[in-house]
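Trainee: Quick one, run.csv (CSV, C-alpha atoms and all ligand atoms):
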```
chain,number,residue,atom,x,y,z
U,1,MET,CA,-23.9,-62.5,10.5
U,2,THR,CA,-24.7,-65.2,12.9
U,3,GLU,CA,-28.1,-66.9,13.3
U,4,THR,CA,-29.1,-64.3,15.9
U,5,GLY,CA,-28.3,-61.5,13.5
U,6,ILE,CA,-25.5,-60.3,15.9
U,7,PRO,CA,-22.3,-59.7,14.0
U,8,PRO,CA,-19.6,-62.1,15.3
U,9,LEU,CA,-16.5,-61.0,17.1
U,10,LEU,CA,-13.5,-60.6,14.7
U,11,ASP,CA,-15.3,-62.7,12.1
U,12,GLY,CA,-12.4,-65.0,11.3
U,13,LEU,CA,-9.6,-62.5,11.8
U,14,ARG,CA,-6.6,-64.1,13.5
U,15,ILE,CA,-6.2,-63.7,17.2
U,16,PRO,CA,-2.6,-63.6,18.2
U,17,GLU,CA,-1.4,-65.5,21.3
U,18,PRO,CA,-1.2,-63.5,24.5
U,19,ASP,CA,2.6,-63.3,24.4
U,20,GLU,CA,2.5,-61.8,21.0
U,21,LEU,CA,-0.1,-59.2,22.1
U,22,LEU,CA,1.9,-58.4,25.2
U,23,ASP,CA,5.2,-57.9,23.4
U,24,GLY,CA,5.9,-54.2,23.8
U,25,ALA,CA,2.7,-53.5,25.7
U,26,VAL,CA,2.7,-50.7,28.2
U,27,VAL,CA,0.1,-49.5,30.7
U,28,VAL,CA,-0.3,-45.7,31.1
U,29,ALA,CA,-2.3,-43.7,33.7
U,30,GLN,CA,-3.6,-40.4,32.2
U,31,PRO,CA,-4.7,-37.8,34.8
U,32,MET,CA,-7.9,-35.9,34.1
U,33,HIS,CA,-8.8,-32.3,34.7
U,34,THR,CA,-12.2,-33.2,36.2
U,35,ARG,CA,-13.6,-36.2,37.9
U,36,PHE,CA,-15.4,-38.3,35.3
U,37,ARG,CA,-17.1,-41.7,35.7
U,38,GLY,CA,-16.0,-41.6,39.3
U,39,THR,CA,-12.3,-41.3,38.6
U,40,THR,CA,-9.5,-38.7,38.0
U,41,VAL,CA,-7.0,-41.1,36.4
U,42,ARG,CA,-7.7,-43.2,33.3
U,43,GLU,CA,-5.5,-46.3,32.9
U,44,ALA,CA,-5.1,-47.9,29.5
U,45,MET,CA,-2.9,-50.7,28.1
U,46,LEU,CA,-1.3,-49.9,24.8
U,47,LEU,CA,-0.3,-52.7,22.5
U,48,ARG,CA,2.1,-52.5,19.6
U,49,GLY,CA,0.8,-54.4,16.6
U,50,PRO,CA,2.1,-54.6,13.0
U,51,ALA,CA,-0.9,-52.5,11.8
U,52,GLY,CA,-0.3,-49.8,14.5
U,53,TRP,CA,-0.7,-49.0,18.2
U,54,ALA,CA,-3.8,-50.4,19.8
U,55,GLU,CA,-5.7,-49.8,23.0
U,56,PHE,CA,-7.1,-52.3,25.5
U,57,SER,CA,-8.8,-50.3,28.3
U,58,PRO,CA,-11.9,-52.0,29.8
U,59,PHE,CA,-13.0,-50.1,32.9
U,60,PRO,CA,-11.5,-51.5,36.1
U,61,ASP,CA,-14.7,-53.1,37.3
U,62,TYR,CA,-15.3,-55.1,34.1
U,63,GLY,CA,-14.8,-58.8,34.1
U,64,PRO,CA,-13.1,-61.1,31.5
U,65,ALA,CA,-16.3,-61.8,29.4
U,66,GLU,CA,-17.1,-58.1,28.9
U,67,SER,CA,-13.4,-57.3,28.5
U,68,ALA,CA,-13.0,-59.9,25.7
U,69,ARG,CA,-14.9,-57.5,23.4
U,70,TRP,CA,-12.5,-54.7,24.2
U,71,LEU,CA,-9.6,-57.0,23.4
U,72,ALA,CA,-11.2,-57.9,20.1
U,73,ALA,CA,-11.2,-54.2,19.2
U,74,ALA,CA,-7.5,-54.0,20.1
U,75,VAL,CA,-6.7,-57.1,18.0
U,76,GLU,CA,-8.5,-55.5,15.0
U,77,ALA,CA,-6.7,-52.2,15.5
U,78,GLY,CA,-3.2,-53.5,16.0
U,79,TRP,CA,-3.1,-56.6,13.9
U,80,HIS,CA,-5.7,-56.1,11.1
U,81,GLY,CA,-6.5,-52.4,10.6
U,82,TRP,CA,-9.8,-50.8,9.7
U,83,PRO,CA,-12.2,-50.6,6.8
U,84,SER,CA,-11.9,-47.7,4.3
U,85,PRO,CA,-13.4,-44.4,5.3
U,86,VAL,CA,-16.2,-42.7,3.4
U,87,ARG,CA,-15.5,-39.2,5.0
U,88,ASP,CA,-12.6,-37.6,6.7
U,89,ARG,CA,-14.1,-34.7,8.8
U,90,ILE,CA,-15.8,-35.9,12.0
U,91,PRO,CA,-17.8,-33.3,13.9
U,92,VAL,CA,-17.4,-33.8,17.7
U,93,ASN,CA,-19.2,-32.7,20.8
U,94,ALA,CA,-17.8,-31.2,24.0
U,95,THR,CA,-18.4,-33.4,27.0
U,96,VAL,CA,-19.3,-31.6,30.2
U,97,PRO,CA,-19.0,-33.8,33.3
U,98,ALA,CA,-21.3,-33.2,36.3
U,99,VAL,CA,-19.5,-30.1,37.3
U,100,GLU,CA,-20.7,-27.0,39.2
U,101,VAL,CA,-22.3,-24.2,37.1
U,102,ALA,CA,-19.2,-22.1,37.9
U,103,ASP,CA,-16.9,-24.6,36.1
U,104,VAL,CA,-19.0,-25.1,32.9
U,105,GLY,CA,-17.3,-22.3,31.0
U,106,ARG,CA,-13.8,-23.6,31.8
U,107,VAL,CA,-14.8,-27.1,30.6
U,108,LEU,CA,-16.4,-25.8,27.4
U,109,ASP,CA,-13.3,-23.6,26.6
U,110,SER,CA,-11.0,-26.7,26.8
U,111,PHE,CA,-12.9,-28.1,23.8
U,112,GLY,CA,-12.8,-24.9,21.7
U,113,GLU,CA,-15.6,-24.2,19.2
U,114,VAL,CA,-17.8,-27.3,18.8
U,115,PRO,CA,-21.1,-27.9,17.0
U,116,ALA,CA,-22.6,-29.9,19.9
U,117,VAL,CA,-22.3,-30.3,23.7
U,118,LYS,CA,-23.1,-33.4,25.8
U,119,VAL,CA,-23.9,-32.7,29.4
U,120,LYS,CA,-23.6,-35.4,32.1
U,121,VAL,CA,-26.6,-35.4,34.5
U,122,GLY,CA,-28.0,-37.7,37.2
U,123,GLU,CA,-24.7,-37.8,39.1
U,124,ALA,CA,-24.9,-39.5,42.5
U,125,GLY,CA,-25.4,-36.9,45.3
U,126,GLN,CA,-26.8,-34.3,42.9
U,127,ASP,CA,-30.4,-33.4,42.2
U,128,VAL,CA,-32.4,-32.6,39.0
U,129,GLY,CA,-32.2,-28.9,39.9
U,130,GLN,CA,-28.4,-29.0,39.6
U,131,ASP,CA,-28.7,-30.8,36.2
U,132,VAL,CA,-31.1,-28.1,34.9
U,133,ALA,CA,-28.8,-25.4,36.1
U,134,ARG,CA,-25.8,-27.0,34.3
U,135,VAL,CA,-27.7,-27.4,31.1
U,136,ALA,CA,-29.0,-23.8,31.3
U,137,GLU,CA,-25.5,-22.6,31.7
U,138,VAL,CA,-24.3,-24.6,28.7
U,139,ARG,CA,-27.2,-23.2,26.7
U,140,ARG,CA,-26.4,-19.6,27.8
U,141,LEU,CA,-22.7,-20.0,26.8
U,142,ARG,CA,-23.3,-21.9,23.6
U,143,PRO,CA,-26.7,-20.7,22.3
U,144,ALA,CA,-26.3,-22.3,18.8
U,145,ALA,CA,-24.8,-25.7,19.9
U,146,ALA,CA,-26.8,-28.9,19.6
U,147,LEU,CA,-27.4,-30.1,23.1
U,148,ARG,CA,-27.7,-33.6,24.5
U,149,ILE,CA,-27.7,-35.0,28.0
U,150,ASP,CA,-26.4,-38.3,29.3
U,151,ALA,CA,-27.8,-39.7,32.6
U,152,ASN,CA,-25.9,-43.1,32.4
U,153,GLN,CA,-29.2,-44.8,33.4
U,154,ALA,CA,-29.2,-43.0,36.8
U,155,TRP,CA,-32.8,-41.8,36.8
U,156,ASP,CA,-35.8,-43.8,37.8
U,157,HIS,CA,-38.9,-43.5,35.5
U,158,ASP,CA,-40.6,-40.7,37.4
U,159,THR,CA,-37.4,-38.7,37.8
U,160,ALA,CA,-36.7,-39.0,34.1
U,161,VAL,CA,-40.2,-37.9,33.1
U,162,ASP,CA,-39.9,-34.9,35.3
U,163,ALA,CA,-36.3,-34.0,34.4
U,164,LEU,CA,-36.8,-34.3,30.7
U,165,ARG,CA,-40.0,-32.2,30.9
U,166,ARG,CA,-37.9,-29.5,32.6
U,167,LEU,CA,-34.9,-29.9,30.2
U,168,ALA,CA,-36.9,-30.0,27.0
U,169,GLY,CA,-37.2,-26.3,26.9
U,170,TYR,CA,-33.4,-25.9,26.3
U,171,GLY,CA,-33.8,-27.7,23.0
U,172,LEU,CA,-32.4,-31.2,23.5
U,173,GLU,CA,-31.1,-33.1,20.4
U,174,TYR,CA,-31.6,-36.3,22.5
U,175,ALA,CA,-31.3,-37.8,25.9
U,176,GLU,CA,-28.8,-40.6,26.3
U,177,GLN,CA,-29.8,-43.6,28.5
U,178,PRO,CA,-31.9,-41.6,30.9
U,179,VAL,CA,-33.1,-44.9,32.6
U,180,ALA,CA,-31.8,-48.4,32.9
U,181,GLY,CA,-32.9,-51.3,30.7
U,182,ILE,CA,-34.6,-51.8,27.4
U,183,ASP,CA,-38.1,-52.1,29.1
U,184,GLY,CA,-37.3,-48.9,31.0
U,185,LEU,CA,-36.4,-47.0,27.9
U,186,ALA,CA,-39.5,-48.2,26.1
U,187,ARG,CA,-41.8,-47.2,29.0
U,188,LEU,CA,-40.2,-43.8,29.2
U,189,ARG,CA,-40.6,-43.1,25.5
U,190,GLU,CA,-44.3,-43.9,25.8
U,191,ALA,CA,-44.7,-41.7,28.9
U,192,LEU,CA,-42.8,-38.8,27.1
U,193,ALA,CA,-45.1,-39.1,24.1
U,194,ALA,CA,-48.2,-39.2,26.3
U,195,ALA,CA,-47.0,-36.1,28.1
U,196,GLY,CA,-46.1,-34.2,24.9
U,197,THR,CA,-42.4,-34.0,25.9
U,198,ASP,CA,-40.6,-34.0,22.6
U,199,VAL,CA,-37.2,-35.5,23.4
U,200,ARG,CA,-35.6,-38.4,21.4
U,201,ILE,CA,-34.0,-41.2,23.3
U,202,ALA,CA,-30.5,-42.7,22.6
U,203,ALA,CA,-29.4,-46.0,24.0
U,204,ASP,CA,-25.8,-46.4,25.2
U,205,GLU,CA,-25.6,-48.9,28.1
U,206,SER,CA,-28.5,-50.8,26.5
U,207,VAL,CA,-26.3,-51.4,23.5
U,208,ARG,CA,-22.8,-51.8,24.8
U,209,ARG,CA,-23.5,-53.7,28.0
U,210,GLU,CA,-26.3,-56.1,26.8
U,211,THR,CA,-25.4,-59.6,25.6
U,212,ASP,CA,-27.5,-58.7,22.5
U,213,PRO,CA,-26.6,-55.2,21.3
U,214,LEU,CA,-29.5,-55.3,18.9
U,215,ALA,CA,-32.3,-56.0,21.4
U,216,VAL,CA,-33.0,-52.4,22.1
U,217,ALA,CA,-33.5,-51.6,18.4
U,218,ARG,CA,-35.6,-54.7,17.9
U,219,ALA,CA,-37.8,-53.6,20.8
U,220,GLY,CA,-38.2,-50.1,19.3
U,221,ALA,CA,-37.0,-48.7,22.6
U,222,ALA,CA,-34.7,-46.0,21.3
U,223,ASP,CA,-34.6,-43.4,18.5
U,224,LEU,CA,-30.8,-43.8,18.0
U,225,VAL,CA,-27.9,-45.8,19.2
U,226,VAL,CA,-24.6,-44.7,20.8
U,227,VAL,CA,-21.7,-46.9,19.6
U,228,LYS,CA,-18.3,-47.3,21.1
U,229,VAL,CA,-15.6,-49.3,19.4
U,230,GLN,CA,-14.0,-51.1,22.3
U,231,PRO,CA,-17.2,-52.2,24.1
U,232,LEU,CA,-18.7,-53.5,20.9
U,233,GLY,CA,-15.6,-55.5,19.8
U,234,GLY,CA,-14.1,-53.4,17.0
U,235,VAL,CA,-14.9,-51.1,14.1
U,236,ARG,CA,-16.2,-53.9,11.8
U,237,ARG,CA,-18.5,-55.3,14.5
U,238,ALA,CA,-19.8,-51.9,15.4
U,239,LEU,CA,-20.5,-51.1,11.7
U,240,GLY,CA,-22.5,-54.4,11.5
U,241,ILE,CA,-24.4,-53.6,14.7
U,242,VAL,CA,-25.4,-50.1,13.4
U,243,GLU,CA,-26.5,-51.6,10.1
U,244,ALA,CA,-28.5,-54.4,11.7
U,245,ALA,CA,-30.1,-51.9,14.2
U,246,GLY,CA,-31.3,-49.7,11.4
U,247,LEU,CA,-31.0,-46.6,13.5
U,248,ASP,CA,-28.9,-43.5,13.3
U,249,ALA,CA,-25.7,-43.8,15.4
U,250,VAL,CA,-23.5,-41.5,17.4
U,251,VAL,CA,-20.0,-42.7,17.8
U,252,SER,CA,-18.6,-42.0,21.2
U,253,SER,CA,-15.4,-42.6,23.1
U,254,ALA,CA,-14.8,-45.0,26.0
U,255,LEU,CA,-12.6,-42.3,27.5
U,256,ASP,CA,-9.8,-43.8,25.5
U,257,THR,CA,-6.3,-42.3,24.9
U,258,SER,CA,-5.7,-40.9,21.4
U,259,VAL,CA,-4.7,-44.4,20.4
U,260,GLY,CA,-8.3,-45.7,21.1
U,261,ILE,CA,-9.9,-42.5,19.8
U,262,ALA,CA,-8.4,-43.2,16.4
U,263,ALA,CA,-10.5,-46.3,16.2
U,264,GLY,CA,-13.6,-44.3,17.0
U,265,VAL,CA,-12.7,-41.9,14.3
U,266,ALA,CA,-12.3,-44.8,11.9
U,267,LEU,CA,-15.8,-46.0,12.8
U,268,ALA,CA,-17.3,-42.5,12.4
U,269,ALA,CA,-15.4,-42.2,9.1
U,270,SER,CA,-16.8,-45.4,7.7
U,271,LEU,CA,-20.5,-45.2,8.7
U,272,PRO,CA,-22.8,-44.7,5.7
U,273,ARG,CA,-24.6,-41.9,7.6
U,274,LEU,CA,-23.3,-39.6,10.3
U,275,PRO,CA,-26.1,-37.1,11.1
U,276,HIS,CA,-24.8,-36.2,14.6
U,277,ALA,CA,-21.6,-34.9,16.1
U,278,CYS,CA,-19.6,-37.7,17.9
U,279,GLY,CA,-18.5,-38.0,21.5
U,280,LEU,CA,-14.8,-38.3,20.4
U,281,GLY,CA,-13.4,-35.1,21.9
U,282,THR,CA,-12.6,-36.6,25.3
U,283,VAL,CA,-8.8,-36.3,25.0
U,284,ALA,CA,-9.5,-32.7,26.1
U,285,LEU,CA,-10.5,-34.1,29.5
U,286,PHE,CA,-7.0,-35.4,30.1
U,287,THR,CA,-4.2,-33.2,31.5
U,288,GLU,CA,-1.8,-35.1,29.2
U,289,ASP,CA,-2.2,-37.7,26.5
U,290,VAL,CA,0.4,-40.3,25.3
U,291,ALA,CA,0.3,-39.5,21.6
U,292,GLN,CA,2.9,-37.4,19.8
U,293,ARG,CA,-0.1,-35.5,18.3
U,294,PRO,CA,-3.1,-35.9,20.6
U,295,LEU,CA,-6.4,-36.3,18.8
U,296,ARG,CA,-8.0,-33.1,20.2
U,297,PRO,CA,-10.7,-31.5,18.1
U,298,ARG,CA,-9.8,-28.5,16.0
U,299,ALA,CA,-12.6,-26.2,15.0
U,300,GLY,CA,-15.1,-28.8,16.3
U,301,HIS,CA,-13.8,-31.6,14.1
U,302,LEU,CA,-11.4,-34.5,14.2
U,303,THR,CA,-9.9,-35.5,10.9
U,304,ALA,CA,-9.6,-39.2,9.9
U,305,GLY,CA,-6.2,-40.3,8.8
U,306,ASP,CA,-4.8,-36.8,9.0
U,307,ASP,CA,-1.6,-37.6,10.7
U,308,GLY,CA,-1.7,-41.4,10.2
U,309,ARG,CA,-2.3,-43.6,13.3
U,310,PRO,CA,-1.4,-42.1,16.7
U,311,VAL,CA,2.0,-43.0,18.0
U,312,PRO,CA,2.9,-42.7,21.6
U,313,ASP,CA,5.5,-40.1,22.5
U,314,THR,CA,8.6,-41.6,24.2
U,315,GLY,CA,8.7,-38.8,26.9
U,316,ALA,CA,4.9,-39.0,27.5
U,317,LEU,CA,5.1,-42.8,27.8
U,318,ALA,CA,7.8,-42.5,30.4
U,319,ARG,CA,5.9,-39.8,32.4
U,320,LEU,CA,2.5,-41.5,32.2
U,321,ARG,CA,3.8,-45.1,32.7
U,322,ALA,CA,1.8,-46.8,35.5
U,323,GLY,CA,3.6,-48.6,38.3
U,324,GLU,CA,4.8,-52.2,38.0
U,325,ASP,CA,1.9,-53.6,40.1
U,326,ARG,CA,-0.5,-52.0,37.6
U,327,GLN,CA,1.5,-53.3,34.6
U,328,ARG,CA,1.2,-56.8,36.1
U,329,TRP,CA,-2.5,-56.4,36.9
U,330,TRP,CA,-3.3,-55.4,33.3
U,331,ARG,CA,-1.2,-58.2,31.8
U,332,GLN,CA,-3.1,-60.7,33.8
U,333,ARG,CA,-6.3,-59.0,32.8
U,334,LEU,CA,-5.5,-59.3,29.1
U,335,ARG,CA,-4.7,-63.0,29.5
U,336,ALA,CA,-8.1,-63.5,31.2
U,337,ALA,CA,-9.9,-61.6,28.4
U,338,TRP,CA,-7.9,-63.5,25.8
U,339,ALA,CA,-9.1,-66.8,27.3
U,340,GLU,CA,-12.7,-65.7,26.9
U,341,LEU,CA,-12.1,-64.2,23.4
U,342,SER,CA,-10.5,-67.3,22.0
U,343,VAL,CA,-13.6,-69.3,23.0
U,344,THR,CA,-16.2,-66.7,21.9
U,345,ALA,CA,-14.6,-65.9,18.6
U,346,ASP,CA,-14.0,-69.6,17.7
H,1,LIG,O1,-19.9,-39.2,24.5
H,1,LIG,C1,-19.1,-38.4,25.0
H,1,LIG,O2,-19.3,-37.2,24.8
H,1,LIG,C2,-17.9,-38.8,25.7
H,1,LIG,C3,-17.8,-40.2,26.2
H,1,LIG,C4,-18.7,-40.5,27.4
H,1,LIG,O3,-19.5,-39.7,27.8
H,1,LIG,C5,-18.5,-41.7,28.1
H,1,LIG,C6,-17.3,-42.4,27.9
H,1,LIG,C7,-17.0,-43.5,28.7
H,1,LIG,C8,-17.9,-44.0,29.7
H,1,LIG,C9,-19.2,-43.4,29.8
H,1,LIG,O4,-19.5,-43.2,31.2
H,1,LIG,C10,-19.5,-42.2,29.0
H,1,LIG,C11,-20.9,-42.5,28.4
H,1,LIG,O5,-21.7,-43.0,29.1
H,1,LIG,O6,-21.2,-42.2,27.2
H,2,MG,MG,-23.4,-42.7,27.7
```
Written as structure tokens, that's how I'd like the structure from this file.
Mentor:
Amino acid sequence: MTETGIPPLLDGLRIPEPDELLDGAVVVAQPMHTRFRGTTVREAMLLRGPAGWAEFSPFPDYGPAESARWLAAAVEAGWHGWPSPVRDRIPVNATVPAVEVADVGRVLDSFGEVPAVKVKVGEAGQDVGQDVARVAEVRRLRPAAALRIDANQAWDHDTAVDALRRLAGYGLEYAEQPVAGIDGLARLREALAAAGTDVRIAADESVRRETDPLAVARAGAADLVVVKVQPLGGVRRALGIVEAAGLDAVVSSALDTSVGIAAGVALAASLPRLPHACGLGTVALFTEDVAQRPLRPRAGHLTAGDDGRPVPDTGALARLRAGEDRQRWWRQRLRAAWAELSVTAD
């Protein structure tokens, strides 16, 4: 731990030079069935380390400082490996993008039977009525599933109070980042309590995009935290953050390929408590994945260490390989992130 209580990046683990990281690296572009996070293609750089394949895939709009944490996660995965698991079965949720009601059944079916469903809400250009209709359809089709929503901080305070009052009747396990900012979450929790709306609040962006990932817990602004391995700088650091936050955690993907999902599974497998299904089923959102055995949920679960670490399939790598300009762009990006990481992790 540092003086601030924030676990350090890589904590003394060796950071290879960029040339070593990039030796054997390949950028893939995985097409998606449905638009998600404003895109239908997810690019990822895969690195080949001595401990296994690793993923470096910060979202395209992220700068070097933020991307440095994603690189730390790749260094850990490819060059050092992960802590030992305490469980091997990881329950996962289906993730329903902000689709039309008519498409909800198709999306749910692509995940198979799952114990929980996360529904995206607050999409630009849509209204709360459409969110309520989508959630109602999920509830109709999966009456027994735990149900959570994720607004990606799109709602303002009043919209969130109104939307959560309307959605609470469907039995929400929690609402993920309904509004922006730690103060925003704290104010919303108070308003919900005052209105008698019983919905727990999970922080996502207020953990992974804050300079201090513990600030939201310290402020008492959330009931639980969503943790993602790449944005938080690796499995070890995410474990430290959950421990220091003292809140229950839901492990979720960053829309990674199977290579990155394996790190999420490793985190979920080594958390002392795992009371909720994890958002790690997102390989089902891709039309094709690079791995020989894609990490898609079976009977609502992923299994840690089942088939060893994911290995890209040669044919899939050739099919999904991004163009040379994108290979160059990502290599350059990794070098910029490395420059930040080598300073930060010093
Ligand atoms: O948690 C899940 O069910 C799937 C992952 C997921 O929703 C996300 C992955 C990547 C980027 C984000 O927009 C989004 C999220 O906000 O949690
Ligand atoms: Mg989220």
Trainee: Within 10 Å of range 283-293 of chain U, counting only C-alpha atoms, which residues qualify if same-chain residues fewer than 4 places away don't, as a PyMOL selection string?
Mentor: chain U and resi 28-36+40-42+46+94-97+107-112+253+255-259+261+297+307+309-321
Trainee: May I ask you to write as an MDAnalysis selection string all residues lying at most 9 Å from ligand LIG 1 (chain H), with all atoms listed in the file counted?
Mentor: chainID U and resid 36:38 59 92:97 117:120 150:153 176:177 204:205 226:228 250:256 278:282
Trainee: For Val225 in chain U, which of U:Glu113, U:Asp88, U:Asp248, U:Glu324 is the closest residue, counting all atoms listed in the file?
Mentor: U:Asp248
Trainee: Rank U:Ala304, U:Ala345, U:Val99, U:Leu13 by their smallest atom-to-atom distance to Val75 in chain U, using only C-alpha atoms, and report the top residue only.
Mentor: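 Selected residue with least distance to Val75 in chain U: U:Leu13.
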Trainee: Could you give me, as a ChimeraX atom specification, the residues that sit within 7 Å of (-28.7, -52.1, 32.9) in the file's coordinates, counting all atoms listed in the file?
Mentor: /U:180-181,205-206
Trainee: Using CA of Ala337 in chain U and CA of Glu243 in chain U as the two end points, give the distance in Å to one decimal.
Mentor: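 Taking CA of Ala337 in chain U and CA of Glu243 in chain U, their separation equals 26.7 Å.
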Trainee: Go through U:Ala339, U:Leu295, U:Gly12, U:Pro213 and flag the residue nearest Gly63 in chain U, using only C-alpha atoms for the distances.
Mentor: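 With only C-alpha atoms as the atom set, the closest residue is U:Ala339.
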Trainee: Rounded to one decimal place, report the CA of Pro8 in chain U-CA of Arg237 in chain U distance in Å.
Mentor: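 Separation of CA of Pro8 in chain U and CA of Arg237 in chain U: 6.9 Å.
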Trainee: Please indicate the distance in Å from CA of Pro272 in chain U to CA of Thr211 in chain U, rounded to one decimal place.
Mentor: 25.0 Å
Trainee: Please determine, counting only C-alpha atoms and all ligand atoms, which residue among U:Leu214, U:Leu47, U:Ala277, U:Ala202 has the shortest atom-to-atom distance to ligand MG 2 (chain H).
Mentor: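 Nearest to ligand MG 2 (chain H): U:Ala202.
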Trainee: Counting all atoms listed in the file, find the residues whose atoms lie at most 9 Å from (-14.1, -33.1, 10.2) (file coordinates) and write them out as a list in words.
Mentor: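 Final list of nearby residues, as requested, is Arg87, Asp88, Arg89, Ile90, Pro91, Val92, Pro297, Arg298, Ala299, Gly300, His301, Leu302, Thr303 and Ala304 of chain U.
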Trainee: Mind writing the picked residues with C-alpha atoms as a PDB file, in the coordinates of the input?
Mentor:
```
ATOM      1  CA  ARG U  87     -15.500 -39.200   5.000  1.00  0.00           C
ATOM      2  CA  ASP U  88     -12.600 -37.600   6.700  1.00  0.00           C
ATOM      3  CA  ARG U  89     -14.100 -34.700   8.800  1.00  0.00           C
ATOM      4  CA  ILE U  90     -15.800 -35.900  12.000  1.00  0.00           C
ATOM      5  CA  PRO U  91     -17.800 -33.300  13.900  1.00  0.00           C
ATOM      6  CA  VAL U  92     -17.400 -33.800  17.700  1.00  0.00           C
ATOM      7  CA  PRO U 297     -10.700 -31.500  18.100  1.00  0.00           C
ATOM      8  CA  ARG U 298      -9.800 -28.500  16.000  1.00  0.00           C
ATOM      9  CA  ALA U 299     -12.600 -26.200  15.000  1.00  0.00           C
ATOM     10  CA  GLY U 300     -15.100 -28.800  16.300  1.00  0.00           C
ATOM     11  CA  HIS U 301     -13.800 -31.600  14.100  1.00  0.00           C
ATOM     12  CA  LEU U 302     -11.400 -34.500  14.200  1.00  0.00           C
ATOM     13  CA  THR U 303      -9.900 -35.500  10.900  1.00  0.00           C
ATOM     14  CA  ALA U 304      -9.600 -39.200   9.900  1.00  0.00           C
TER      15      ALA U 304
END
```
Trainee: Write out as a VMD selection string the residues lying within 8 Å of Leu341 in chain U, counting all atoms listed in the file and excluding same-chain residues fewer than 2 positions away.
Mentor: chain U and resid 65 68 to 69 71 to 72 337 to 339 343 to 345
Trainee: Looking at U:Leu267, U:Arg335, U:Thr39, U:Arg326, which one is nearest to Val26 in chain U, with distances taken over all atoms listed in the file?
Mentor: U:Arg326
Trainee: From the options U:Ala136, U:Trp82, U:Ala175, U:Asp198, which residue's atoms come nearest to ligand MG 2 (chain H), counting all atoms listed in the file?
Mentor: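 Of U:Ala136, U:Trp82, U:Ala175, U:Asp198, the one nearest ligand MG 2 (chain H), counting all atoms listed in the file, is U:Ala175.
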Trainee: For Arg200 in chain U, list every protein, DNA or RNA residue within 10 Å, evaluated using all atoms listed in the file, and leave out those in the same chain fewer than 2 positions away; present the list as a list in words.
Mentor: Arg148, Leu172, Glu173, Tyr174, Ala175, Glu176, Arg189, Leu192, Ala193, Thr197, Asp198, Ala202, Ala222, Asp223 and Leu224 of chain U
Trainee: Neighbours of Arg209 in chain U within 9 Å (only C-alpha atoms; same-chain residues fewer than 5 positions away dropped), as a PyMOL selection string?
Mentor: chain U and resi 66+204+231-232
